[in-house]
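A.B. asks: Below is the file upload.cif, which contains mmCIF, C-alpha atoms.
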data_structure
loop_
_atom_site.label_atom_id
_atom_site.label_comp_id
_atom_site.auth_asym_id
_atom_site.auth_seq_id
_atom_site.Cartn_x
_atom_site.Cartn_y
_atom_site.Cartn_z
CA MET R 1 0.00 0.00 0.00
CA ARG R 2 3.03 2.33 0.01
CA LEU R 3 3.15 5.46 -2.09
CA GLY R 4 6.93 5.26 -2.16
CA ILE R 5 7.60 9.00 -1.96
CA ASP R 6 10.05 10.31 0.62
CA PRO R 7 8.29 13.28 2.26
CA ALA R 8 11.64 14.84 3.23
CA ARG R 9 12.54 15.09 -0.46
CA PHE R 10 9.10 15.71 -1.90
CA VAL R 11 7.64 18.36 0.45
CA PRO R 12 10.38 21.04 0.00
CA ARG R 13 10.22 20.50 -3.78
CA LEU R 14 6.42 20.83 -3.71
CA ILE R 15 6.61 24.09 -1.72
CA PHE R 16 9.25 25.42 -4.13
CA PHE R 17 7.21 24.61 -7.25
CA LEU R 18 3.99 25.89 -5.67
CA ILE R 19 5.68 29.23 -4.91
CA LEU R 20 6.78 29.25 -8.56
CA CYS R 21 3.47 28.14 -10.11
CA LEU R 22 1.02 30.32 -8.15
CA PRO R 23 2.30 33.77 -9.30
CA LEU R 24 2.70 32.37 -12.80
CA TRP R 25 -0.92 31.27 -12.74
CA VAL R 26 -2.06 34.76 -11.64
CA LEU R 27 -0.47 36.06 -14.85
CA LEU R 28 -2.13 33.36 -16.95
CA VAL R 29 -5.60 33.66 -15.38
CA PRO R 30 -7.01 36.37 -17.73
CA ALA R 31 -6.09 34.21 -20.74
CA TYR R 32 -7.48 31.07 -19.08
CA HIS R 33 -10.75 32.89 -18.33
CA ARG R 34 -11.09 33.76 -21.99
CA VAL R 35 -10.42 30.11 -22.91
CA LEU R 36 -13.08 29.01 -20.39
CA ALA R 37 -15.61 31.54 -21.71
CA THR R 38 -14.94 30.45 -25.30
CA GLY R 39 -15.31 26.79 -24.35
CA LEU R 40 -18.58 27.52 -22.55
CA THR R 41 -19.94 29.47 -25.51
CA VAL R 42 -19.19 26.46 -27.74
CA VAL R 43 -20.73 23.95 -25.32
CA LEU R 44 -23.85 25.94 -24.26
CA PRO R 45 -25.84 25.23 -27.47
CA LEU R 46 -25.10 21.51 -27.02
CA VAL R 47 -26.83 21.54 -23.62
CA GLY R 48 -29.95 23.34 -24.83
CA GLU R 49 -28.84 26.93 -24.14
CA GLU R 50 -28.68 28.18 -27.73
CA SER R 51 -29.34 31.82 -26.94
CA ARG R 52 -26.67 32.22 -24.26
CA SER R 53 -22.95 32.83 -24.37
CA ALA R 54 -20.26 33.39 -21.75
CA THR R 55 -18.16 36.47 -21.11
CA VAL R 56 -15.39 37.47 -18.71
CA TRP R 57 -15.75 40.27 -16.16
CA ARG R 58 -12.90 40.90 -13.70
CA ASP R 59 -12.21 37.48 -12.17
CA PHE R 60 -15.68 36.14 -12.97
CA ILE R 61 -17.00 34.06 -15.85
CA LEU R 62 -20.47 35.39 -16.59
CA ILE R 63 -23.32 33.69 -18.42
CA PRO R 64 -26.06 36.27 -19.01
CA PHE R 65 -29.61 35.03 -19.29
CA ALA R 66 -31.41 35.61 -22.57
CA THR R 67 -32.65 39.21 -22.92
CA PRO R 68 -35.67 39.72 -20.64
CA ALA R 69 -39.12 40.09 -22.21
CA GLN R 70 -39.66 43.57 -20.77
CA PRO R 71 -37.07 46.05 -22.05
CA GLU R 72 -36.96 47.90 -18.71
CA ALA R 73 -36.12 44.73 -16.74
CA ARG R 74 -32.54 44.46 -15.54
CA PRO R 75 -30.48 41.83 -17.35
CA GLN R 76 -29.61 38.89 -15.14
CA VAL R 77 -26.42 36.88 -15.15
CA GLU R 78 -24.97 33.79 -13.57
CA GLY R 79 -21.43 34.35 -12.40
CA PHE R 80 -18.64 31.98 -11.41
CA ARG R 81 -15.65 33.20 -9.46
CA GLY R 82 -12.70 31.99 -11.47
CA TYR R 83 -10.14 31.43 -8.71
CA LEU R 84 -12.55 29.24 -6.74
CA MET R 85 -12.75 26.84 -9.67
CA HIS R 86 -9.31 26.67 -11.14
CA TYR R 87 -6.76 27.13 -8.36
CA ASN R 88 -6.22 23.40 -8.82
CA VAL R 89 -4.32 23.94 -12.10
CA PRO R 90 -1.12 25.39 -10.53
CA LEU R 91 -1.49 22.82 -7.77
CA PHE R 92 -1.48 19.98 -10.31
CA ALA R 93 1.52 21.49 -12.11
CA ALA R 94 3.42 21.84 -8.83
CA LEU R 95 2.65 18.23 -7.85
CA ILE R 96 3.91 16.88 -11.18
CA LEU R 97 7.03 19.04 -11.24
CA ALA R 98 7.87 18.28 -7.60
CA THR R 99 7.72 14.49 -7.88
CA PRO R 100 11.24 13.07 -7.53
CA GLY R 101 12.20 10.77 -10.39
CA PHE R 102 9.96 12.40 -13.00
CA ARG R 103 11.94 13.38 -16.08
CA ILE R 104 11.09 16.47 -18.14
CA ALA R 105 9.38 14.76 -21.10
CA PRO R 106 7.02 12.55 -19.03
CA SER R 107 6.27 15.54 -16.75
CA LEU R 108 5.30 17.69 -19.73
CA LYS R 109 3.22 14.84 -21.12
CA ALA R 110 1.44 14.44 -17.77
CA LEU R 111 0.75 18.19 -17.67
CA ALA R 112 -0.51 18.15 -21.24
CA LEU R 113 -2.88 15.26 -20.44
CA GLY R 114 -3.99 16.51 -17.01
CA ALA R 115 -4.71 20.14 -17.93
CA PRO R 116 -7.56 19.28 -20.37
CA VAL R 117 -9.09 17.01 -17.71
CA LEU R 118 -9.12 19.92 -15.25
CA TYR R 119 -10.45 22.23 -17.98
CA ALA R 120 -13.30 19.79 -18.68
CA LEU R 121 -14.00 19.65 -14.94
CA HIS R 122 -14.24 23.45 -14.75
CA LEU R 123 -16.59 23.56 -17.75
CA GLY R 124 -18.65 20.67 -16.38
CA TYR R 125 -19.04 22.37 -13.01
CA MET R 126 -20.24 25.63 -14.57
CA ILE R 127 -22.71 23.87 -16.88
CA LEU R 128 -24.15 21.70 -14.10
CA ALA R 129 -24.41 24.66 -11.74
CA MET R 130 -26.04 26.73 -14.47
CA LYS R 131 -28.57 24.00 -15.29
CA LEU R 132 -29.51 23.33 -11.66
CA TYR R 133 -29.50 26.92 -10.38
CA PRO R 134 -32.95 27.91 -11.80
CA TYR R 135 -34.54 25.16 -9.65
CA THR R 136 -33.02 26.77 -6.57
CA ARG R 137 -34.35 30.18 -7.60
CA ALA R 138 -37.78 28.68 -8.11
CA GLY R 139 -37.63 27.18 -4.61
CA ALA R 140 -37.71 23.59 -5.86
CA SER R 141 -36.47 20.92 -3.50
CA GLY R 142 -35.26 17.36 -3.87
CA ILE R 143 -32.20 15.93 -5.62
CA GLY R 144 -33.03 17.51 -8.99
CA GLY R 145 -33.77 20.87 -7.44
CA GLY R 146 -32.31 23.17 -4.82
CA TRP R 147 -30.83 20.44 -2.67
CA GLY R 148 -29.10 18.87 -5.66
CA TYR R 149 -27.64 22.21 -6.67
CA ARG R 150 -26.38 23.02 -3.19
CA TRP R 151 -25.00 19.50 -2.67
CA GLY R 152 -23.31 19.39 -6.09
CA ALA R 153 -21.95 22.93 -6.07
CA GLU R 154 -20.66 22.59 -2.52
CA LEU R 155 -19.16 19.18 -3.28
CA TYR R 156 -17.24 20.64 -6.19
CA LEU R 157 -16.09 23.78 -4.39
CA THR R 158 -15.11 22.15 -1.11
CA ILE R 159 -13.94 18.67 -2.11
CA VAL R 160 -13.67 17.90 -5.84
CA ALA R 161 -11.76 21.06 -6.82
CA GLN R 162 -9.14 20.33 -4.16
CA LEU R 163 -8.95 16.62 -4.70
CA ALA R 164 -8.95 16.48 -8.51
CA PRO R 165 -5.28 17.48 -8.99
CA ILE R 166 -4.17 15.04 -6.29
CA LEU R 167 -6.09 12.14 -7.81
CA LEU R 168 -4.76 13.00 -11.26
CA TRP R 169 -1.25 13.16 -9.85
CA LEU R 170 -1.67 9.74 -8.18
CA LEU R 171 -2.85 8.33 -11.50
CA VAL R 172 0.22 9.74 -13.27
CA LEU R 173 2.48 8.49 -10.48
CA ARG R 174 1.04 5.00 -10.72
CA SER R 175 1.33 4.76 -14.49
CA GLN R 176 4.90 6.08 -14.27
CA ARG R 177 5.79 3.44 -11.65
CA ARG R 178 4.22 0.72 -13.78
CA ARG R 179 6.23 1.82 -16.80
CA MET R 180 9.46 1.94 -14.78
CA THR R 181 8.81 -1.50 -13.32
CA ALA R 182 8.14 -2.88 -16.79
CA ALA R 183 11.33 -1.24 -18.10
CA ASN R 184 13.39 -2.62 -15.19
CA GLY R 185 11.97 -6.07 -15.85
CA ARG R 186 12.99 -5.90 -19.51
CA ILE R 187 16.66 -5.03 -18.88
CA PRO R 188 17.62 -8.22 -16.97
CA ALA R 189 15.65 -10.32 -19.47
CA ARG R 190 17.61 -8.80 -22.37
CA ARG R 191 20.93 -9.29 -20.55
CA LYS R 192 19.99 -12.91 -19.83
CA ALA R 193 19.08 -13.44 -23.49
CA GLY R 194 22.40 -11.85 -24.52
CA LYS R 195 24.38 -14.15 -22.22
CA GLU R 196 22.54 -17.19 -23.52
CA ALA R 197 23.27 -16.13 -27.12
CA ALA R 198 26.98 -15.66 -26.31
CA ALA R 199 27.18 -19.13 -24.72
CA MET K 1 -4.96 8.86 -1.60
CA ALA K 2 -3.46 5.46 -1.25
CA ASP K 3 -1.21 3.85 -3.78
CA GLY K 4 0.81 0.70 -3.73
CA PRO K 5 3.94 -1.14 -4.64
CA PRO K 6 4.68 -2.21 -8.20
CA PRO K 7 1.94 -4.28 -9.75
CA GLY K 8 2.30 -7.95 -10.15
CA ARG K 9 1.94 -9.02 -6.56
CA SER K 10 -1.30 -10.87 -5.98
CA GLY K 11 -4.01 -8.83 -4.31
CA THR K 12 -2.18 -5.51 -4.51
CA GLY K 13 -4.43 -4.09 -7.20
CA SER K 14 -7.60 -5.04 -5.38
CA ALA K 15 -6.22 -3.70 -2.07
CA ILE K 16 -5.57 -0.35 -3.73
CA GLY K 17 -9.03 -0.43 -5.31
CA ILE K 18 -10.64 -1.15 -1.94
CA ALA K 19 -8.66 1.70 -0.36
CA TYR K 20 -9.90 4.12 -3.03
CA ILE K 21 -13.52 2.94 -2.65
CA LYS K 22 -13.27 3.29 1.14
CA PHE K 23 -11.77 6.75 0.73
CA GLY K 24 -14.54 7.88 -1.64
CA ALA K 25 -17.33 6.42 0.48
CA LEU K 26 -15.99 7.97 3.71
CA LEU K 27 -15.54 11.34 2.07
CA LEU K 28 -18.98 11.37 0.48
CA GLY K 29 -20.52 10.23 3.77
CA LEU K 30 -18.78 12.94 5.78
CA PHE K 31 -19.63 15.55 3.16
CA THR K 32 -23.32 14.56 3.02
CA LEU K 33 -23.49 14.68 6.82
CA SER K 34 -21.91 18.12 6.72
CA GLN K 35 -24.75 19.37 4.51
CA THR K 36 -27.41 18.74 7.16
CA SER K 37 -28.76 21.51 9.36
CA LEU K 38 -27.82 19.43 12.41
CA ALA K 39 -24.14 19.47 11.41
CA ASP K 40 -24.41 23.19 10.82
CA ARG K 41 -25.86 23.78 14.26
CA LEU K 42 -23.72 21.34 16.23
CA VAL K 43 -20.37 21.49 14.41
CA PHE K 44 -19.84 24.19 11.81
CA GLU K 45 -21.39 27.16 13.61
CA PRO K 46 -19.66 26.56 16.98
CA VAL K 47 -16.33 25.93 15.21
CA ALA K 48 -16.75 29.10 13.11
CA ARG K 49 -17.56 31.15 16.22
CA GLY K 50 -14.58 29.63 18.05
CA ILE K 51 -12.23 30.42 15.16
CA ALA K 52 -13.54 34.00 15.00
CA ARG K 53 -12.94 34.44 18.71
CA ILE K 54 -9.41 32.95 18.70
CA ALA K 55 -8.46 34.80 15.50
CA SER K 56 -9.66 38.11 16.97
CA GLY K 57 -7.41 37.52 19.97
CA LEU K 58 -4.47 36.61 17.74
CA LEU K 59 -4.96 39.74 15.62
CA GLY K 60 -4.18 41.77 18.75
CA LEU K 61 -0.62 40.40 18.48
CA PHE K 62 -0.33 42.35 15.20
CA SER K 63 -1.66 45.51 16.88
CA ILE K 64 -4.94 45.10 15.00
CA ASN K 65 -7.94 45.87 17.13
CA ALA K 66 -10.39 43.12 16.23
CA GLN K 67 -13.60 41.91 17.80
CA ALA K 68 -15.57 38.74 17.25
CA ASP K 69 -19.29 39.13 16.73
CA GLY K 70 -20.55 35.56 16.43
CA ALA K 71 -18.69 34.22 13.38
CA ILE K 72 -17.82 37.72 12.13
CA ILE K 73 -14.42 39.28 12.78
CA ARG K 74 -14.56 43.08 12.77
CA THR K 75 -11.58 45.41 12.59
CA GLU K 76 -11.71 49.20 12.21
CA SER K 77 -11.55 48.98 8.40
CA PHE K 78 -12.58 45.44 7.53
CA ALA K 79 -15.01 42.70 8.49
CA ALA K 80 -14.87 39.01 7.58
CA LEU K 81 -17.37 36.20 8.07
CA VAL K 82 -15.93 32.82 9.02
CA ASP K 83 -18.36 30.65 7.06
CA THR K 84 -18.51 26.86 6.84
CA ASN K 85 -15.80 26.72 4.15
CA CYS K 86 -13.47 28.81 6.32
CA THR K 87 -13.58 26.36 9.21
CA GLY K 88 -11.03 24.10 7.51
CA LEU K 89 -13.28 21.14 8.26
CA PHE K 90 -13.60 20.05 4.62
CA VAL K 91 -9.83 19.68 4.29
CA ILE K 92 -9.87 17.78 7.58
CA PHE K 93 -12.57 15.49 6.08
CA ILE K 94 -10.31 14.76 3.10
CA TYR K 95 -7.35 14.06 5.38
CA LEU K 96 -9.44 11.93 7.74
CA SER K 97 -10.94 9.87 4.89
CA ALA K 98 -7.49 9.21 3.41
CA LEU K 99 -6.17 8.25 6.82
CA LEU K 100 -9.01 5.86 7.63
CA ALA K 101 -8.92 4.27 4.16
CA TYR K 102 -5.21 3.51 4.43
CA ARG K 103 -4.38 0.07 5.87
CA SER K 104 -2.75 0.62 9.26
CA GLY K 105 -3.20 -0.15 12.96
CA THR K 106 -5.51 1.68 15.38
CA ARG K 107 -2.57 3.26 17.23
CA GLU K 108 -1.11 4.62 13.99
CA LYS K 109 -4.51 5.96 12.96
CA LEU K 110 -4.95 7.72 16.32
CA ILE K 111 -1.51 9.32 15.94
CA GLY K 112 -2.51 10.44 12.45
CA VAL K 113 -5.81 11.91 13.63
CA ALA K 114 -4.14 13.87 16.45
CA LEU K 115 -1.32 15.07 14.19
CA GLY K 116 -3.58 16.08 11.30
CA PHE K 117 -6.39 17.69 13.28
CA GLY K 118 -3.96 19.77 15.33
CA ALA K 119 -1.81 20.89 12.43
CA LEU K 120 -4.70 21.66 10.05
CA PHE K 121 -6.66 23.52 12.72
CA VAL K 122 -3.64 25.69 13.60
CA LEU K 123 -2.90 26.30 9.92
CA ASN K 124 -6.51 27.31 9.34
CA LEU K 125 -6.24 29.81 12.19
CA VAL K 126 -3.14 31.25 10.53
CA ARG K 127 -5.14 31.43 7.29
CA VAL K 128 -8.04 33.33 8.87
CA VAL K 129 -5.74 35.75 10.73
CA SER K 130 -3.60 36.39 7.63
CA LEU K 131 -6.69 36.96 5.46
CA VAL K 132 -8.06 39.54 7.88
CA VAL K 133 -4.64 41.26 7.85
CA VAL K 134 -4.58 41.18 4.03
CA GLY K 135 -8.17 42.43 3.88
CA ALA K 136 -7.33 45.34 6.18
CA VAL K 137 -3.98 46.24 4.63
CA ARG K 138 -4.20 45.17 0.96
CA PRO K 139 -7.87 44.56 0.07
CA ASP K 140 -6.95 44.37 -3.63
CA MET K 141 -4.98 41.20 -2.88
CA LEU K 142 -7.70 39.53 -0.83
CA ASN K 143 -9.21 37.40 -3.62
CA VAL K 144 -5.87 36.03 -4.73
CA ALA K 145 -4.80 35.32 -1.15
CA HIS K 146 -8.16 33.80 -0.22
CA TYR K 147 -9.12 31.74 -3.25
CA LEU K 148 -5.80 30.94 -4.86
CA VAL K 149 -3.02 30.87 -2.29
CA TRP K 150 -4.71 29.64 0.87
CA GLN K 151 -6.96 27.07 -0.84
CA SER K 152 -3.84 25.54 -2.38
CA VAL K 153 -1.83 25.76 0.85
CA MET K 154 -4.54 23.99 2.87
CA ILE K 155 -4.86 20.98 0.57
CA VAL K 156 -1.08 20.77 0.10
CA ALA K 157 -0.71 20.76 3.88
CA ALA K 158 -3.25 17.93 4.17
CA LEU K 159 -1.45 15.95 1.47
CA CYS K 160 1.97 16.47 3.06
CA LEU K 161 0.68 15.53 6.50
CA TRP K 162 -0.93 12.39 5.12
CA LEU K 163 2.23 11.52 3.18
CA PHE K 164 4.36 12.04 6.28
CA TRP K 165 1.99 9.90 8.34
CA ALA K 166 1.73 7.14 5.71
CA GLU K 167 5.47 6.89 5.12
CA ARG K 168 6.82 7.58 8.61
CA VAL K 169 4.11 6.34 10.96
CA ALA K 170 1.82 3.83 9.25
CA ASP K 171 4.56 2.19 7.16
CA ALA K 172 7.44 2.86 9.55
CA PRO K 173 10.03 0.06 9.88
CA GLY K 174 8.83 -2.41 12.47
CA HIS K 175 5.15 -2.07 11.53
#
Can you turn what I pasted into structure tokens?
C.D. replies:
Amino acid sequence: MRLGIDPARFVPRLIFFLILCLPLWVLLVPAYHRVLATGLTVVLPLVGEESRSATVWRDFILIPFATPAQPEARPQVEGFRGYLMHYNVPLFAALILATPGFRIAPSLKALALGAPVLYALHLGYMILAMKLYPYTRAGASGIGGGWGYRWGAELYLTIVAQLAPILLWLLVLRSQRRRMTAANGRIPARRKAGKEAAA
Amino acid sequence: MADGPPPGRSGTGSAIGIAYIKFGALLLGLFTLSQTSLADRLVFEPVARGIARIASGLLGLFSINAQADGAIIRTESFAALVDTNCTGLFVIFIYLSALLAYRSGTREKLIGVALGFGALFVLNLVRVVSLVVVGAVRPDMLNVAHYLVWQSVMIVAALCLWLFWAERVADAPGH
């Protein structure tokens, strides 16, 4: 059941890479918000929201409702605070970069594979929250209504967002270990075959 | 949050699978319990009020005059509500679930619970105090400090504590 990571080696590296990744992420956030808004605008028609599109305002992703029937009515929007959703991206990057024994190429590959998973998670959260929120406003209860929204949104914000990068990292770590074990197993077999051929 | 030795040994894969299922079930159970009004009344609200009171006292060490009003911390220029997410209990749930799902003895688990609860509670106090200081001194930095830096620090702390416990306590030589 061992994870096989020496905390004395891993923890200082993780702190170092987190200190490096967090400010870098602050710089990248405006661009990432635009990517999220674009992705949402593409996906919204697929989930039955043809008339809506997403925009970015400060550190929020906004999805305005369709124009109200009365012209004097104030436009309404659903807003998602960006940092609450995607602080797990620099965390995932720091975890991958801090893992002892990871070479550059596999680390970059893991980042390239993990980032779209986190992106899909961010989009999925916003779409689910957007779809369930009207039930809350209407005072509906039950799993499909207000309770479902609160449970799901809270679960994402308090648990899933934090845990996703760690679970992804464990997955990468495990596949890396498996590959290394397989590679180590091949070397003695080749040597043995070589010796047999020489004899 | 439990992984295993290289594959190939019999039962290792299923042991890891069971650990993950246990972890998920414990976490979902704790989370669902936390969403009840009873948990709010008996756990989250008293903890939030306690944190507000202790943090207000600690802020005095930084010459910041702060007062706790229920779960609200008020300074001369800033006020902050310690809500359920600010209690640090969700990170403690993650840590606790990982700890209980990992195969180890009762003594090791008790050490892990004491170590993790203490460290994460103290760290959360530091978080609340530092956020009030940031809110009073640099309100423009509050969102970054609150949602980006401290969220990451809390879960990293839980992971490091669990890793330390799993490698040095639960799997220590002699166990």
A.B. asks: Select, as a ChimeraX atom specification, those residues of chain R with any atom no more than 7 Å from chain K (distances computed using only C-alpha atoms).
C.D. replies: /R:1-3,7,11,83-84,87,91,158-159,162,177-178,181
A.B. asks: Mind pulling up the distance from CA of Val113 (chain K) to CA of Arg174 (chain R)?
C.D. replies: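 So the answer is 26.2 Å.
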A.B. asks: Determine the residue set returned by the PyMOL selection byres ((chain K and resi 124-131) around 7) for the present structure, and present it as JSON, numbers by chain.
C.D. replies: {"K": [51, 55, 59, 88, 120, 121, 122, 123, 132, 133, 134, 135, 142, 146, 150]}
A.B. asks: Could you name the residues that touch region 45-59 of chain R at 12 Å or less, counting only C-alpha atoms, but leaving out those on the same chain fewer than 4 positions away, as a tab-separated table (two decimals) with C-alpha atoms, keeping the file's coordinate frame?
C.D. replies:
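And here's selection_9.tsv as it stands now:
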chain	number	residue	atom	x	y	z
R	26	VAL	CA	-2.06	34.76	-11.64
R	28	LEU	CA	-2.13	33.36	-16.95
R	29	VAL	CA	-5.60	33.66	-15.38
R	30	PRO	CA	-7.01	36.37	-17.73
R	31	ALA	CA	-6.09	34.21	-20.74
R	32	TYR	CA	-7.48	31.07	-19.08
R	33	HIS	CA	-10.75	32.89	-18.33
R	34	ARG	CA	-11.09	33.76	-21.99
R	35	VAL	CA	-10.42	30.11	-22.91
R	36	LEU	CA	-13.08	29.01	-20.39
R	37	ALA	CA	-15.61	31.54	-21.71
R	38	THR	CA	-14.94	30.45	-25.30
R	39	GLY	CA	-15.31	26.79	-24.35
R	40	LEU	CA	-18.58	27.52	-22.55
R	41	THR	CA	-19.94	29.47	-25.51
R	63	ILE	CA	-23.32	33.69	-18.42
R	64	PRO	CA	-26.06	36.27	-19.01
R	65	PHE	CA	-29.61	35.03	-19.29
R	66	ALA	CA	-31.41	35.61	-22.57
R	67	THR	CA	-32.65	39.21	-22.92
R	68	PRO	CA	-35.67	39.72	-20.64
R	76	GLN	CA	-29.61	38.89	-15.14
R	77	VAL	CA	-26.42	36.88	-15.15
R	78	GLU	CA	-24.97	33.79	-13.57
R	79	GLY	CA	-21.43	34.35	-12.40
R	80	PHE	CA	-18.64	31.98	-11.41
R	81	ARG	CA	-15.65	33.20	-9.46
R	82	GLY	CA	-12.70	31.99	-11.47
R	83	TYR	CA	-10.14	31.43	-8.71
R	84	LEU	CA	-12.55	29.24	-6.74
R	85	MET	CA	-12.75	26.84	-9.67
R	86	HIS	CA	-9.31	26.67	-11.14
R	123	LEU	CA	-16.59	23.56	-17.75
R	124	GLY	CA	-18.65	20.67	-16.38
R	126	MET	CA	-20.24	25.63	-14.57
R	127	ILE	CA	-22.71	23.87	-16.88
R	128	LEU	CA	-24.15	21.70	-14.10
R	130	MET	CA	-26.04	26.73	-14.47
R	131	LYS	CA	-28.57	24.00	-15.29
K	143	ASN	CA	-9.21	37.40	-3.62
K	144	VAL	CA	-5.87	36.03	-4.73
K	147	TYR	CA	-9.12	31.74	-3.25
K	148	LEU	CA	-5.80	30.94	-4.86
A.B. asks: Of the candidates K:Leu115, K:Leu30, K:Leu61, K:Val43, which one gets nearest to Thr87 (chain K) if we count all atoms listed in the file?
C.D. replies: K:Val43
A.B. asks: So which residues touch Ala129 (chain R) within 8 Å, counting only C-alpha atoms, skipping near sequence neighbours fewer than 6 positions away, as a PyMOL selection string?
C.D. replies: chain R and resi 149+152-153
A.B. asks: Store the residues picked out above in a file with C-alpha atoms, as a PDB file, in the frame of the given file.
C.D. replies:
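This went into again15.pdb:
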ATOM      1  CA  TYR R 149     -27.640  22.210  -6.670  1.00  0.00           C
ATOM      2  CA  GLY R 152     -23.310  19.390  -6.090  1.00  0.00           C
ATOM      3  CA  ALA R 153     -21.950  22.930  -6.070  1.00  0.00           C
TER       4      ALA R 153
END
A.B. asks: What is the CA of Cys21 (chain R)-CA of Val137 (chain K) distance in Å, reported with one decimal?
C.D. replies: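 Separation between CA of Cys21 (chain R) and CA of Val137 (chain K): 24.5 Å.
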A.B. asks: Going by the chain IDs and residue numbers used in this file, which residues fall under the PyMOL selection byres ((chain K and resi 68) around 10)? Write them as number ranges by chain.
C.D. replies: K: 49-57, 66-67, 69-75, 79-81
A.B. asks: Go ahead and save the picked residues with C-alpha atoms, as an mmCIF file, keeping the file's coordinate frame.
C.D. replies:
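Wrote it out as out-v2.cif, contents follow:
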data_model
loop_
_atom_site.group_PDB
_atom_site.id
_atom_site.type_symbol
_atom_site.label_atom_id
_atom_site.label_comp_id
_atom_site.auth_asym_id
_atom_site.auth_seq_id
_atom_site.Cartn_x
_atom_site.Cartn_y
_atom_site.Cartn_z
ATOM 1 C CA ARG K 49 -17.560 31.150 16.220
ATOM 2 C CA GLY K 50 -14.580 29.630 18.050
ATOM 3 C CA ILE K 51 -12.230 30.420 15.160
ATOM 4 C CA ALA K 52 -13.540 34.000 15.000
ATOM 5 C CA ARG K 53 -12.940 34.440 18.710
ATOM 6 C CA ILE K 54 -9.410 32.950 18.700
ATOM 7 C CA ALA K 55 -8.460 34.800 15.500
ATOM 8 C CA SER K 56 -9.660 38.110 16.970
ATOM 9 C CA GLY K 57 -7.410 37.520 19.970
ATOM 10 C CA ALA K 66 -10.390 43.120 16.230
ATOM 11 C CA GLN K 67 -13.600 41.910 17.800
ATOM 12 C CA ASP K 69 -19.290 39.130 16.730
ATOM 13 C CA GLY K 70 -20.550 35.560 16.430
ATOM 14 C CA ALA K 71 -18.690 34.220 13.380
ATOM 15 C CA ILE K 72 -17.820 37.720 12.130
ATOM 16 C CA ILE K 73 -14.420 39.280 12.780
ATOM 17 C CA ARG K 74 -14.560 43.080 12.770
ATOM 18 C CA THR K 75 -11.580 45.410 12.590
ATOM 19 C CA ALA K 79 -15.010 42.700 8.490
ATOM 20 C CA ALA K 80 -14.870 39.010 7.580
ATOM 21 C CA LEU K 81 -17.370 36.200 8.070
#
A.B. asks: Kindly indicate which residue among K:Asn65, K:Asp40, K:Val169, K:Ile92 lies nearest to Gly118 (chain K), using all atoms listed in the file for the distances.
C.D. replies: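 Closest to Gly118 (chain K), using all atoms listed in the file: K:Ile92.
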A.B. asks: What is the CA of Leu33 (chain K)-CA of Asn88 (chain R) distance in Å, reported with one decimal?
C.D. replies: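 About the pair CA of Leu33 (chain K) and CA of Asn88 (chain R): they are 24.9 Å apart.
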A.B. asks: So, with all atoms listed in the file as the atoms that count, which of R:Ile5, R:Leu62, R:Ala93, R:Leu157 lies closest to Leu18 (chain R)?
C.D. replies: R:Ala93
